Amino acid sequence: MISNKETQIAILIIITFFFYSSNATLSYNVKSFGAKSNGKSDCTKAFLSAWSAACAATKPATIYVPGGRYLLRNVVFMGKLCKNTAITIQIDGTLVAPNNYSVIGNSGTWLKFDKVTGVSIYGGTLDGKGAALWACKNSGHNCPKGATSLEFHNSNNISINALSSLNSQKFHIHIYGCHNANLINMKISADGYSPNTDGIHVEQSSAVTILGSRIGTGDDCVSIGPGSSDLWIENLFCGPGHGISIGSLGWSLQEAGVQNVTVKTTTFRGTQNGLRIKTWARPSDGFVKDVYFQHIVIDNAKYPIIIDQNYCPDHNNCPSKNSGVQISNVRYEDVHGTSATKVAVKFECSETNPCSGITLDGVNLTLKDKPTTALCVNARGTANNVVKPASCLKGE
């Protein structure tokens with residue numbers, strides 16, 4: 001005879017089983033929707049079908065991409081009609097762009113998530129096959145502008161973890177108009193001479209965190225555009241590339257500012273710049289404020305620390321040297337290493353809007369064990385502890 005206790009345990013097991021079964025994550029394998037992992041068959045339709053199925057689910061869902069290579073044309077994963085706010089895309093394989101760069105080169109974006117909430121991407125590799133387009137651009141021919149490999153547009157609560165991005169035509173990752181985005185353990189690479197291949201570009205976004213990533217490209221490792229706030233960047237390795245850049249800013253007369261940016265425990269090796277803020281020499285109501293650089297190692301960067309408010313490539317469309325962007329409260333703490341040029345610290349600020357509140361604290365930059373120099377134009381602030389090169393900041 002079964003005891004009451006055994007009956008209670010049996011009922012509890014049954015209840016628990018049904019509880020977890022009803023809340024288990026649904027899984028959608030892209031191969032079940034016709035995707036082929038040979039790197040030659042167009043899998044765009046299969047991926048969109050898997051996305052539609054996950055969006056229709058009323059509980060957490062996973063889109064699974066097994067090992068292999070999956071050819072995709074430019075595709076937009078729409079969130080407007082998506083009922084699901086907990087979709088994980090688990091990638092064990094590689095997503096491959098078409099060999100002919102023109103197929104996606106004029107689309108602006110290869111893989112785009114638009115107005116989604118609660119989407120996570122874990123693992124996998126994106127192969128943008130951008131080398132042929134870079135060669136076209138570097139030859140001076142009339143070429144497509146190129147496609148960003150992965151963009152999240154006007155989206156919330158997103159996560160990208162352990163994703164690798166190779167040889168993007170243009171930006172590798174673009175976070176635009178988003179709130180609460182976490183990018184962790186990323187590996188991003190492209191040739192050091194590849195044009196406009198920024199690793200991660202953030203614009204018009206807030207609460208963005210970039211952690212534990214390695215980025216080497218032909219442009220900025222991380223670039224921060226107008227309207228960005230509350231950014232946290234930590235444990236990043238950058239090289240080759242143009243460093244971490246706030247800007248360029250101030251192209252428009254009316255432009256949202258950048259504020260509350262922290263970059264810490266980051267290494268730059270063989271980069272053009274280390275820590276850069278750049279603005280166009282044009283009228284603008286934009287601003288940069290409350291920026292904190294801490295525990296930075298710089299190995300042979302051409303411009304380890306630079307503020308350039310006369311940014312003007314090719315010297316076109318620059319009516320004056322009076323940038324309207326106001327830069328204030330920027331702190332450099334424990335920044336050390338080597339410079340590839342004698343001027344290791346350069347603050348070239350606006351005549352009409354001088355930089356203010358700049359702090360140098362424990363900065364030590366040398367040129368092959370030789371002294372370096374600092375250059376200041378319209379820059380105000382203070383220096384604390386040992387600072388090499390000697391500060392050229394004017395007092396507040």
# chains A, B, ... in the order shown; residues from 1 in each chain; ligands from 1
>>> residues_around(residues="Thr262 of chain A", least_positions_apart="6", cutoff="7 Å", atoms="only C-alpha atoms", output="PDB file with C-alpha atoms, in the first residue's frame")
ATOM      1  CA  LEU A 231      28.534  53.877 -21.119  1.00  0.00           C
ATOM      2  CA  TRP A 232      30.821  51.468 -19.275  1.00  0.00           C
ATOM      3  CA  ILE A 233      33.825  49.977 -21.101  1.00  0.00           C
ATOM      4  CA  VAL A 291      34.224  61.184 -18.944  1.00  0.00           C
ATOM      5  CA  TYR A 292      36.497  58.973 -16.839  1.00  0.00           C
ATOM      6  CA  PHE A 293      39.570  57.094 -18.136  1.00  0.00           C
TER       7      PHE A 293
END
>>> select_by_dssp(residues="segment 85-283 of chain A", states="strand (DSSP E or B)", output="ChimeraX atom specification")
/A:87-91,94-96,109-114,117,119-122,125-127,148-153,156-161,164-166,173-176,179-184,187-189,200-203,206-216,222-224,229-238,244-249,258-269,273-280
>>> residues_around(residues="segment 53-62 of chain A", least_positions_apart="3", cutoff="7 Å", atoms="only C-alpha atoms", output="list of chain:residue names")
A:Asn23, A:Thr25, A:Leu26, A:Ser27, A:Tyr28, A:Ser49, A:Ala50, A:Cys82, A:Lys83, A:Asn84, A:Ala86, A:Ile87, A:Thr88, A:Ile89, A:Gln90
>>> write_last_selection(atoms="C-alpha atoms", output="mmCIF file, in the first residue's frame")
data_model
loop_
_atom_site.group_PDB
_atom_site.id
_atom_site.type_symbol
_atom_site.label_atom_id
_atom_site.label_comp_id
_atom_site.auth_asym_id
_atom_site.auth_seq_id
_atom_site.Cartn_x
_atom_site.Cartn_y
_atom_site.Cartn_z
ATOM 1 C CA ASN A 23 7.933 27.010 -18.572
ATOM 2 C CA THR A 25 12.354 27.232 -23.282
ATOM 3 C CA LEU A 26 11.147 26.425 -26.766
ATOM 4 C CA SER A 27 13.877 25.648 -29.301
ATOM 5 C CA TYR A 28 13.802 26.276 -33.046
ATOM 6 C CA SER A 49 10.985 31.605 -40.544
ATOM 7 C CA ALA A 50 12.724 30.569 -37.327
ATOM 8 C CA CYS A 82 7.053 40.174 -32.071
ATOM 9 C CA LYS A 83 5.148 39.000 -28.976
ATOM 10 C CA ASN A 84 8.184 37.434 -27.328
ATOM 11 C CA ALA A 86 12.915 36.584 -24.323
ATOM 12 C CA ILE A 87 14.543 35.248 -27.486
ATOM 13 C CA THR A 88 18.022 33.739 -27.435
ATOM 14 C CA ILE A 89 19.946 33.081 -30.633
ATOM 15 C CA GLN A 90 22.474 30.337 -29.918
#
>>> closest_residue(among="A:Ser205, A:Thr373, A:Thr266, A:Ser356", to="Asn235 of chain A", atoms="only C-alpha atoms")
A:Thr266
>>> closest_residue(among="A:Tyr193, A:Tyr70, A:Phe237, A:Trp110", to="Leu211 of chain A", atoms="only C-alpha atoms")
A:Phe237
>>> residues_around(residues="segment 147-150 of chain A", least_positions_apart="6", cutoff="9 Å", atoms="only C-alpha atoms", output="ChimeraX atom specification")
/A:74,97,101,104-113,126-128,130,165,167-175,197
>>> residues_around(residues="segment 255-260 of chain A", least_positions_apart="2", cutoff="7 Å", atoms="only C-alpha atoms", output="count of residues only")
18
>>> residues_around(residues="Gln272 of chain A", least_positions_apart="2", cutoff="8 Å", atoms="only C-alpha atoms", output="ChimeraX atom specification")
/A:240-243,270,274,301-303
>>> residues_around(residues="Gly123 of chain A", least_positions_apart="5", cutoff="6 Å", atoms="only C-alpha atoms", output="PyMOL selection string")
chain A and resi 91+162-163
>>> select_by_dssp(residues="segment 107-233 of chain A", states="alpha helix (DSSP H)", output="list in words")
Ala131, Ala132, Leu133, Trp134, Ala135, Cys136, Lys137 and Asn138 of chain A
>>> write_last_selection(atoms="C-alpha atoms", output="CSV table (one decimal), in the first residue's frame")
chain,number,residue,atom,x,y,z
A,131,ALA,CA,38.3,42.3,-48.1
A,132,ALA,CA,37.2,42.7,-51.7
A,133,LEU,CA,35.2,45.8,-50.9
A,134,TRP,CA,38.1,47.3,-48.9
A,135,ALA,CA,40.3,46.7,-51.9
A,136,CYS,CA,37.8,48.5,-54.1
A,137,LYS,CA,37.7,51.5,-51.8
A,138,ASN,CA,41.4,51.7,-51.4
>>> closest_residue(among="A:Ser159, A:Ser52, A:Thr279, A:Asn300", to="Glu348 of chain A", atoms="only C-alpha atoms")
A:Thr279
>>> atom_distance(atom1="atom CA of Glu396 of chain A", atom2="atom CA of Ile358 of chain A")
9.3 Å
